[in-house]
>>> print(open('start.cif').read())   # mmCIF, C-alpha atoms
data_data
#
loop_
_atom_site.label_atom_id
_atom_site.label_comp_id
_atom_site.auth_asym_id
_atom_site.auth_seq_id
_atom_site.Cartn_x
_atom_site.Cartn_y
_atom_site.Cartn_z
CA MET P 1 -21.81 25.26 -46.43
CA PHE P 2 -20.12 27.76 -44.15
CA ASP P 3 -20.83 25.69 -41.06
CA SER P 4 -19.22 22.71 -42.79
CA LEU P 5 -16.18 24.76 -43.74
CA PHE P 6 -15.89 26.06 -40.17
CA SER P 7 -15.97 22.51 -38.81
CA ALA P 8 -13.52 21.28 -41.44
CA GLY P 9 -11.01 23.98 -40.54
CA SER P 10 -11.26 23.12 -36.85
CA THR P 11 -10.99 19.39 -37.63
CA VAL P 12 -7.70 20.02 -39.43
CA ALA P 13 -6.27 22.51 -36.92
CA LEU P 14 -6.93 20.69 -33.65
CA PRO P 15 -4.95 17.50 -34.49
CA ALA P 16 -2.20 19.70 -35.91
CA TRP P 17 -1.88 21.53 -32.59
CA ALA P 18 -1.89 18.21 -30.71
CA ALA P 19 0.89 16.89 -32.97
CA LEU P 20 2.85 20.12 -32.52
CA GLY P 21 2.70 19.72 -28.74
CA ALA P 22 3.77 16.07 -28.91
CA ALA P 23 6.47 16.53 -31.58
CA PRO P 24 9.47 16.82 -29.17
CA TRP P 25 8.76 13.28 -27.95
CA LEU P 26 8.15 11.75 -31.39
CA GLY P 27 11.79 11.54 -32.48
CA ARG P 28 12.31 11.53 -36.26
CA ALA P 29 8.70 12.49 -36.90
CA LYS P 30 9.31 15.99 -35.51
CA PRO P 31 10.66 17.60 -38.74
CA ALA P 32 7.72 16.23 -40.72
CA ILE P 33 5.25 17.52 -38.13
CA TRP P 34 6.86 20.95 -38.20
CA ALA P 35 6.66 20.97 -41.99
CA LEU P 36 2.95 20.13 -41.82
CA THR P 37 2.07 22.60 -39.07
CA GLY P 38 4.36 25.38 -40.23
CA ILE P 39 3.93 25.19 -44.02
CA VAL P 40 1.51 22.65 -45.50
CA ILE P 41 -1.55 23.20 -43.29
CA PRO P 42 -1.22 27.02 -43.02
CA VAL P 43 -0.87 27.20 -46.82
CA GLY P 44 -3.97 25.02 -47.27
CA LEU P 45 -5.95 27.11 -44.79
CA GLY P 46 -4.65 30.26 -46.47
CA LEU P 47 -5.88 29.11 -49.87
CA VAL P 48 -9.38 28.57 -48.48
CA TYR P 49 -9.18 32.01 -46.87
CA TRP P 50 -8.16 33.59 -50.19
CA TRP P 51 -11.03 31.84 -52.02
CA LEU P 52 -13.61 32.99 -49.45
CA MET P 53 -12.38 36.58 -49.42
CA SER P 54 -12.20 36.87 -53.21
CA THR P 55 -15.63 35.28 -53.65
CA TYR P 56 -17.63 37.16 -51.03
CA TRP P 57 -15.78 40.45 -50.56
CA SER P 58 -18.19 42.35 -52.79
CA SER P 59 -21.18 40.86 -50.94
CA ALA P 60 -20.53 42.81 -47.74
CA GLU P 61 -22.01 46.25 -48.37
CA GLY P 62 -19.98 48.92 -46.59
CA GLY P 63 -17.44 46.36 -45.46
CA GLY P 64 -13.71 46.99 -45.33
CA TYR P 65 -10.81 47.83 -43.04
CA SER P 66 -11.07 51.61 -42.99
CA SER P 67 -12.95 51.84 -39.67
CA LEU P 68 -14.39 49.69 -36.90
CA SER P 69 -17.88 49.97 -38.37
CA ALA P 70 -16.55 48.87 -41.78
CA VAL P 71 -14.87 45.83 -40.23
CA HIS P 72 -18.12 45.04 -38.43
CA ALA P 73 -20.04 45.24 -41.69
CA LEU P 74 -17.45 43.06 -43.41
CA PHE P 75 -17.82 40.20 -40.98
CA GLN P 76 -21.59 40.32 -40.96
CA HIS P 77 -21.41 38.11 -44.06
CA PRO P 78 -21.05 34.42 -43.04
CA GLY P 79 -18.59 33.73 -45.87
CA LEU P 80 -16.25 36.49 -44.76
CA LEU P 81 -16.70 35.54 -41.12
CA THR P 82 -15.63 32.00 -42.06
CA ALA P 83 -12.66 33.51 -43.91
CA GLY P 84 -11.71 35.33 -40.70
CA TRP P 85 -11.75 31.99 -38.86
CA PHE P 86 -9.43 30.44 -41.45
CA HIS P 87 -7.16 33.49 -41.19
CA TYR P 88 -7.00 32.93 -37.44
CA LEU P 89 -6.30 29.20 -37.77
CA ALA P 90 -3.58 29.62 -40.40
CA PHE P 91 -1.62 32.38 -38.72
CA ASP P 92 -1.86 30.96 -35.23
CA LEU P 93 -0.63 27.54 -36.35
CA PHE P 94 2.25 29.17 -38.22
CA VAL P 95 3.17 31.18 -35.11
CA GLY P 96 2.86 28.05 -32.96
CA THR P 97 5.37 26.24 -35.15
CA TRP P 98 7.72 29.21 -34.96
CA ILE P 99 7.41 29.05 -31.17
CA ALA P 100 8.31 25.35 -31.27
CA ARG P 101 11.41 25.97 -33.40
CA GLU P 102 12.59 28.99 -31.43
CA GLY P 103 11.88 27.26 -28.14
CA GLU P 104 14.09 24.32 -29.10
CA ARG P 105 16.82 26.67 -30.32
CA ALA P 106 16.69 28.57 -27.01
CA GLY P 107 16.82 25.34 -24.98
CA ILE P 108 13.40 25.85 -23.37
CA ALA P 109 11.90 22.65 -21.93
CA PRO P 110 9.18 21.36 -24.31
CA VAL P 111 6.69 20.99 -21.48
CA LEU P 112 6.89 24.77 -20.86
CA LEU P 113 5.89 25.43 -24.47
CA ILE P 114 2.60 23.54 -24.20
CA PRO P 115 0.83 26.39 -22.30
CA CYS P 116 2.16 28.77 -24.98
CA PHE P 117 0.60 26.57 -27.68
CA ALA P 118 -2.74 26.50 -25.87
CA LEU P 119 -2.75 30.28 -25.37
CA THR P 120 -1.76 30.89 -29.00
CA PHE P 121 -4.58 28.66 -30.26
CA LEU P 122 -7.17 30.24 -27.95
CA PHE P 123 -6.01 33.85 -27.69
CA GLY P 124 -3.44 34.41 -30.46
CA PRO P 125 -1.03 37.17 -29.37
CA VAL P 126 -1.32 36.19 -25.69
CA GLY P 127 0.46 32.92 -26.48
CA LEU P 128 3.19 34.75 -28.35
CA LEU P 129 3.65 37.13 -25.41
CA ALA P 130 3.85 34.15 -23.03
CA PHE P 131 6.59 32.60 -25.16
CA LEU P 132 8.52 35.86 -25.39
CA ALA P 133 8.31 36.10 -21.60
CA LEU P 134 9.87 32.63 -21.40
CA ARG P 135 12.63 33.76 -23.75
CA VAL P 136 13.57 36.80 -21.66
CA ALA P 137 13.11 35.09 -18.28
CA PRO P 138 16.74 33.78 -18.10
CA ALA P 139 18.11 37.22 -18.98
CA CYS P 140 15.84 38.82 -16.36
CA ALA P 141 17.05 36.29 -13.81
CA ARG P 142 20.67 37.15 -14.61
CA ILE P 143 19.95 40.87 -14.24
CA ALA P 144 18.15 40.25 -10.94
CA ARG P 145 21.12 38.28 -9.60
CA ALA P 146 23.52 41.02 -10.74
CA LEU P 147 21.42 43.72 -9.05
CA HIS P 148 21.25 41.70 -5.83
CA ALA P 149 25.01 41.28 -5.84
CA ARG P 150 25.49 45.03 -6.34
CA GLN P 151 23.08 46.25 -3.65
CA PRO P 152 20.76 43.59 -2.18
CA GLN P 153 18.38 45.82 -0.19
CA LEU P 154 17.52 48.11 -3.09
CA ALA P 155 17.32 45.16 -5.49
CA VAL P 156 14.78 43.42 -3.25
CA PHE P 157 12.85 46.65 -2.69
CA GLY P 158 12.63 47.39 -6.42
CA GLY P 159 11.65 43.81 -7.17
CA LEU P 160 8.89 43.85 -4.56
CA LEU P 161 7.48 47.03 -6.10
CA LEU P 162 7.40 45.36 -9.51
CA ALA P 163 5.55 42.41 -7.94
CA VAL P 164 3.04 44.81 -6.35
CA MET P 165 2.25 46.16 -9.81
CA LEU P 166 0.58 42.87 -10.76
CA PRO P 167 -2.37 43.09 -8.34
CA ALA P 168 -2.59 46.81 -9.04
CA LEU P 169 -2.89 46.06 -12.76
CA VAL P 170 -5.64 43.54 -12.05
CA ALA P 171 -7.42 46.10 -9.88
CA SER P 172 -7.20 48.67 -12.68
CA TYR P 173 -9.11 46.31 -14.97
CA VAL P 174 -11.83 45.28 -12.52
CA ASP P 175 -12.31 48.61 -10.70
CA PRO P 176 -14.17 51.14 -12.90
CA ARG P 177 -13.89 54.06 -10.46
CA THR P 178 -12.26 57.29 -11.58
CA LEU P 179 -10.79 60.31 -9.81
CA ASN P 180 -10.74 63.59 -11.72
CA GLY P 181 -11.57 61.64 -14.88
CA VAL P 182 -8.71 59.16 -14.48
CA GLY P 183 -8.89 55.58 -13.25
CA VAL P 184 -8.09 55.41 -9.53
CA TRP P 185 -5.28 52.88 -10.10
CA VAL P 186 -3.44 54.81 -12.80
CA LYS P 187 -1.48 57.08 -10.46
CA PRO P 188 -0.40 54.27 -8.09
CA LEU P 189 0.82 52.22 -11.05
CA LYS P 190 2.86 55.15 -12.38
CA PHE P 191 4.45 55.90 -9.02
CA ILE P 192 5.17 52.24 -8.25
CA ALA P 193 6.92 51.87 -11.61
CA SER P 194 8.85 55.13 -11.16
CA VAL P 195 10.07 54.39 -7.62
CA SER P 196 10.97 50.82 -8.59
CA LEU P 197 13.06 52.02 -11.54
CA TYR P 198 14.74 54.64 -9.35
CA ALA P 199 15.64 52.06 -6.69
CA LEU P 200 16.90 49.48 -9.18
CA THR P 201 19.01 52.09 -10.97
CA MET P 202 20.52 53.20 -7.66
CA ALA P 203 21.28 49.55 -6.86
CA TRP P 204 23.08 49.15 -10.18
CA LEU P 205 25.08 52.37 -9.81
CA ILE P 206 26.10 51.62 -6.22
CA GLY P 207 27.55 48.36 -7.52
CA ASP P 208 30.03 50.37 -9.60
CA LEU P 209 31.60 51.89 -6.51
CA PRO P 210 34.64 50.27 -4.85
CA ARG P 211 33.55 47.47 -2.54
CA GLU P 212 34.57 49.34 0.62
CA ARG P 213 32.41 52.34 -0.39
CA ARG P 214 29.31 50.20 -0.90
CA ASP P 215 29.25 49.53 2.85
CA SER P 216 30.08 53.09 3.87
CA LEU P 217 27.80 55.10 6.15
CA VAL P 218 26.87 57.44 3.29
CA VAL P 219 25.76 54.63 1.00
CA ARG P 220 23.85 52.89 3.80
CA ALA P 221 22.04 56.18 4.43
CA ILE P 222 21.22 56.51 0.73
CA VAL P 223 19.74 53.01 0.71
CA ALA P 224 17.70 53.65 3.87
CA VAL P 225 16.26 56.94 2.57
CA VAL P 226 15.32 55.46 -0.82
CA ILE P 227 13.49 52.55 0.82
CA ALA P 228 11.80 54.65 3.53
CA ALA P 229 10.76 57.55 1.31
CA GLY P 230 9.79 55.28 -1.58
CA THR P 231 7.64 53.09 0.68
CA PHE P 232 5.89 56.11 2.15
CA GLU P 233 5.21 57.73 -1.23
CA VAL P 234 3.89 54.55 -2.88
CA GLY P 235 1.97 53.44 0.21
CA TYR P 236 0.12 56.70 0.79
CA ILE P 237 -0.65 57.33 -2.89
CA THR P 238 -1.97 53.79 -3.31
CA LEU P 239 -4.09 54.03 -0.14
CA GLN P 240 -5.61 57.36 -1.11
CA ASP P 241 -6.45 56.33 -4.64
CA ALA P 242 -7.87 53.00 -3.44
CA LEU P 243 -10.16 55.06 -1.19
CA GLY P 244 -11.10 57.25 -4.14
CA GLN P 245 -9.44 60.30 -2.58
CA ALA P 246 -6.73 62.61 -3.91
CA SER P 247 -3.23 62.25 -2.52
CA HIS P 248 -1.73 65.35 -4.16
CA PHE P 249 -3.03 68.88 -3.51
CA ASN P 250 -5.48 67.52 -0.95
CA ASN P 251 -5.88 70.13 1.80
CA GLY P 252 -9.43 69.17 2.67
CA SER P 253 -8.53 68.35 6.28
CA THR P 254 -5.61 68.84 8.65
CA PHE P 255 -4.62 65.18 8.24
CA HIS P 256 -4.57 65.36 4.44
CA ALA P 257 -2.72 68.69 4.47
CA VAL P 258 -0.02 67.26 6.78
CA MET P 259 0.27 64.08 4.71
CA TYR P 260 0.58 66.11 1.50
CA ALA P 261 3.40 68.16 3.06
CA LEU P 262 5.09 64.93 4.16
CA MET P 263 4.75 63.58 0.63
CA GLY P 264 6.56 66.62 -0.69
CA LEU P 265 9.31 66.13 1.86
CA GLY P 266 9.51 62.43 0.98
CA ALA P 267 9.75 63.11 -2.75
CA LEU P 268 12.46 65.73 -2.18
CA SER P 269 14.39 63.34 0.08
CA LEU P 270 14.11 60.55 -2.48
CA SER P 271 15.51 62.63 -5.34
CA ALA P 272 18.14 64.18 -3.03
CA THR P 273 19.79 60.77 -2.59
CA ALA P 274 21.18 61.25 -6.11
CA LEU P 275 23.52 64.01 -4.85
CA PRO P 276 25.58 62.03 -2.30
CA LEU P 277 25.83 59.15 -4.76
CA ALA P 278 27.13 61.59 -7.40
CA TRP P 279 29.73 62.72 -4.86
CA GLN P 280 30.74 59.12 -4.21
CA PHE P 281 31.31 58.61 -7.94
CA ALA P 282 33.24 61.88 -8.28
CA ARG P 283 35.49 61.18 -5.30
CA HIS P 284 35.84 57.39 -5.25
CA GLY P 285 35.16 56.32 -8.84
CA GLY P 286 38.71 56.74 -10.10
CA ALA P 287 38.90 53.13 -11.28
CA LEU P 288 35.86 53.58 -13.55
CA GLU P 289 36.08 54.48 -17.22
CA PRO P 290 36.28 58.31 -17.18
CA THR P 291 33.54 58.90 -19.74
CA TYR P 292 31.06 56.70 -17.90
CA ARG P 293 32.02 58.21 -14.56
CA LEU P 294 31.49 61.76 -15.84
CA ALA P 295 28.11 60.92 -17.42
CA THR P 296 26.94 59.24 -14.21
CA VAL P 297 27.90 62.18 -12.01
CA ILE P 298 26.16 64.65 -14.34
CA GLY P 299 23.09 62.42 -14.68
CA LEU P 300 22.67 62.09 -10.91
CA VAL P 301 23.08 65.83 -10.33
CA LEU P 302 20.61 66.63 -13.10
CA THR P 303 18.18 64.13 -11.62
CA PHE P 304 17.97 66.20 -8.47
CA VAL P 305 18.21 69.67 -10.02
CA ALA P 306 15.63 69.14 -12.78
CA GLY P 307 13.53 66.38 -11.25
CA ALA P 308 13.12 68.01 -7.86
CA GLY P 309 12.96 71.47 -9.45
CA ALA P 310 10.01 70.51 -11.61
CA GLY P 311 8.36 68.82 -8.64
CA ILE P 312 8.67 72.01 -6.58
CA ALA P 313 7.28 74.03 -9.50
CA ILE P 314 4.25 71.71 -9.70
CA SER P 315 3.67 72.11 -5.96
CA GLN P 316 3.95 75.92 -6.07
CA HIS P 317 1.53 76.07 -9.00
CA GLU P 318 -0.82 73.66 -7.15
CA GLY P 319 -1.03 71.48 -10.21
CA PRO P 320 1.00 70.42 -13.22
CA THR P 321 -0.99 72.02 -16.04
CA PHE P 322 -1.27 75.51 -17.51
CA GLY P 323 -4.21 76.44 -19.72
CA ALA P 324 -5.40 72.84 -20.11
CA LEU P 325 -9.05 72.23 -20.88
CA ALA P 326 -10.90 70.52 -18.04
CA GLY P 327 -11.42 66.93 -19.10
CA GLY P 328 -9.39 67.59 -22.24
CA ALA P 329 -7.37 65.05 -24.19
CA VAL P 330 -4.26 63.54 -22.67
CA LEU P 331 -1.33 61.69 -24.21
CA PRO P 332 -1.63 57.90 -24.05
CA LEU P 333 0.29 56.04 -21.33
CA VAL P 334 1.94 59.09 -19.71
CA GLY P 335 -1.28 61.06 -19.19
CA TRP P 336 0.26 64.47 -19.98
CA SER P 337 -2.12 67.17 -21.13
CA ALA P 338 -2.62 67.45 -24.88
CA THR P 339 -4.54 70.76 -24.60
CA GLY P 340 -2.23 72.82 -22.38
CA GLY P 341 1.21 73.10 -20.83
CA ASP P 342 2.28 70.34 -18.44
CA LEU P 343 5.15 70.49 -15.93
CA ARG P 344 5.15 66.70 -15.69
CA VAL P 345 7.11 66.64 -18.95
CA PRO P 346 10.29 68.35 -17.62
CA HIS P 347 9.80 66.48 -14.34
CA PHE P 348 9.85 63.18 -16.27
CA LEU P 349 12.98 64.18 -18.20
CA GLY P 350 14.70 65.32 -15.02
CA VAL P 351 13.94 62.18 -13.03
CA HIS P 352 15.11 59.91 -15.84
CA ALA P 353 18.42 61.68 -16.32
CA GLN P 354 19.47 59.09 -13.72
CA GLN P 355 19.18 56.39 -16.39
CA VAL P 356 19.68 58.27 -19.67
CA LEU P 357 23.03 59.98 -19.13
CA PRO P 358 24.85 57.04 -17.45
CA LEU P 359 23.59 54.83 -20.30
CA ILE P 360 24.93 57.32 -22.86
CA GLY P 361 28.26 57.35 -21.03
CA ALA P 362 28.40 53.55 -20.93
CA LEU P 363 27.69 53.31 -24.67
CA ILE P 364 30.31 55.94 -25.50
CA ALA P 365 32.85 54.02 -23.41
CA MET P 366 31.88 50.64 -24.88
CA TRP P 367 32.05 51.89 -28.47
CA ARG P 368 35.22 53.87 -27.73
CA VAL P 369 33.84 57.02 -29.29
CA PRO P 370 36.63 59.57 -29.91
CA PHE P 371 36.60 62.61 -27.59
CA GLY P 372 34.21 60.75 -25.30
CA ARG P 373 34.11 63.37 -22.54
CA THR P 374 33.29 66.08 -25.07
CA VAL P 375 30.48 63.93 -26.45
CA VAL P 376 29.13 63.48 -22.91
CA TRP P 377 29.05 67.25 -22.40
CA LEU P 378 27.30 67.71 -25.75
CA ALA P 379 24.74 65.06 -24.82
CA THR P 380 24.24 66.77 -21.47
CA ALA P 381 23.73 70.13 -23.17
CA GLY P 382 21.15 68.61 -25.49
CA TYR P 383 19.32 66.88 -22.65
CA ALA P 384 19.34 70.00 -20.48
CA ALA P 385 18.09 72.05 -23.44
CA ALA P 386 15.18 69.61 -23.82
CA ILE P 387 14.31 70.08 -20.14
CA VAL P 388 14.44 73.89 -20.41
CA TYR P 389 12.38 73.78 -23.60
CA THR P 390 9.64 71.68 -22.00
CA PHE P 391 9.61 74.03 -18.99
CA ARG P 392 9.01 76.94 -21.38
CA LEU P 393 6.28 75.04 -23.19
CA ALA P 394 4.57 74.26 -19.89
CA TYR P 395 4.59 77.84 -18.61
CA ALA P 396 3.41 79.08 -22.02
CA GLY P 397 0.43 76.72 -21.80
CA VAL P 398 1.52 74.77 -24.87
CA PRO P 399 1.23 70.96 -24.86
CA LEU P 400 4.18 68.81 -25.87
CA LEU P 401 1.89 67.15 -28.43
CA SER P 402 -1.59 68.39 -29.28
CA LEU P 403 -4.39 65.92 -29.85
CA GLY P 404 -7.12 68.52 -30.17
CA ASN P 405 -9.94 69.25 -27.74
#
>>> encode(input="start.cif", output="structure tokens")
Amino acid sequence: MFDSLFSAGSTVALPAWAALGAAPWLGRAKPAIWALTGIVIPVGLGLVYWWLMSTYWSSAEGGGYSSLSAVHALFQHPGLLTAGWFHYLAFDLFVGTWIAREGERAGIAPVLLIPCFALTFLFGPVGLLAFLALRVAPACARIARALHARQPQLAVFGGLLLAVMLPALVASYVDPRTLNGVGVWVKPLKFIASVSLYALTMAWLIGDLPRERRDSLVVRAIVAVVIAAGTFEVGYITLQDALGQASHFNNGSTFHAVMYALMGLGALSLSATALPLAWQFARHGGALEPTYRLATVIGLVLTFVAGAGAGIAISQHEGPTFGALAGGAVLPLVGWSATGGDLRVPHFLGVHAQQVLPLIGALIAMWRVPFGRTVVWLATAGYAAAIVYTFRLAYAGVPLLSLGN
């Protein structure tokens, strides 16, 4: 019986997906197709799912949703496994119809939606992500054009770094090697993303300067240092990790010791470019909204003071952690220690003052918040207090968030 139900569900779903893909070219039949694929068929599949779950739920001993083993036990029963298939068919077809409607509303060419339909049917959320990527692509293109108009060299450099992340991401999935308990491609990916964001933010901010200042010797020097230092940092870190060797705190040979010293100089030079740009805003940004101008100057100065300061502290300590258990838990995504203090937290906050404070200033200006300059100073005080607090946590050996041993 369950094999027959499985086949029946597929027999209903496959033609529905084909009709959904063809609907834009079927004229007046399109609304009826959308009604079938978005309401009638998902409801029918959902009713079968409900009947299977209510009939066989009690037959799966130890089954449920409380843990992975409970889910495994649940779907050991063929009736509940068939119910899972109907769940998949119903929801994916509903999402596919939503994609069709939203795609038409957004003016996306119907032929571009067909791969999204195929991915949704085969891999569920992957198809939805593909469609969402299509939705944001025009906005991303507009941002890319705006960045290129503001500062073309940094825009291209930042974009190339983002493109380099794709093969690095693939490598992280296919390469199982680790270095100090962490995948060898994790650090390159983090640094590529960080340098790219820094370069793109600098490109955007430079575009706010008067046109004659964008071509000044100072700004050209800023651009050159960001590209040169960023290329060196990303290139050497990626090379070392690809070879399975440490890039930071590696004094195992004269070559590695010299390269590590040059990395420190490169990182300091990269963050130091924030200072002359802050001076350009302070001296030549008179036409800008005062609140935004103030927030940008403060954000750039804080980027160097806190970002470089934390970097120097990490170098002097010969590592970012205090009191962390070897091989202990780390926070997801960022990789900060969850068992001890970590100087990478204030370093992160310092580096990203370059984005956070100018954004706060822009929002205050856009919303016309009363006493805008005072609000900027209050926001700065709060942000600086957070940096000081995380420095104290790090030196006290206390993690930002504890996940246990």
>>> resolve_selection(input="start.cif", expression="the PyMOL selection byres ((chain P and resi 226) around 9)", output="list in words")
Leu154, Val195, Tyr198, Ala199, Met202, Ala221, Ile222, Val223, Ala224, Val225, Ile227, Ala228, Ala229, Gly230, Thr231, Ser269, Leu270, Ser271 and Thr273 of chain P
>>> resolve_selection(input="start.cif", expression="the PyMOL selection byres ((chain P and resi 331-334) around 10)", output="count of residues only")
17
>>> closest_residue(input="start.cif", among="P:Val219, P:Ile114, P:Ala310, P:Gln240", to="Leu275 (chain P)", atoms="only C-alpha atoms")
P:Val219
>>> resolve_selection(input="start.cif", expression="the PyMOL selection byres ((chain P and resi 122) around 12)", output="list of chain:residue names")
P:Ala13, P:Leu14, P:Trp17, P:Trp85, P:Tyr88, P:Leu89, P:Asp92, P:Leu93, P:Gly96, P:Pro115, P:Cys116, P:Phe117, P:Ala118, P:Leu119, P:Thr120, P:Phe121, P:Phe123, P:Gly124, P:Pro125, P:Val126, P:Gly127, P:Leu128
>>> atom_distance(input="start.cif", atom1="CA of Arg293 (chain P)", atom2="CA of Ala203 (chain P)")
15.8 Å
>>> closest_residue(input="start.cif", among="P:Gly244, P:Ala100, P:Gln280, P:Leu343", to="Arg177 (chain P)", atoms="all atoms listed in the file")
P:Gly244
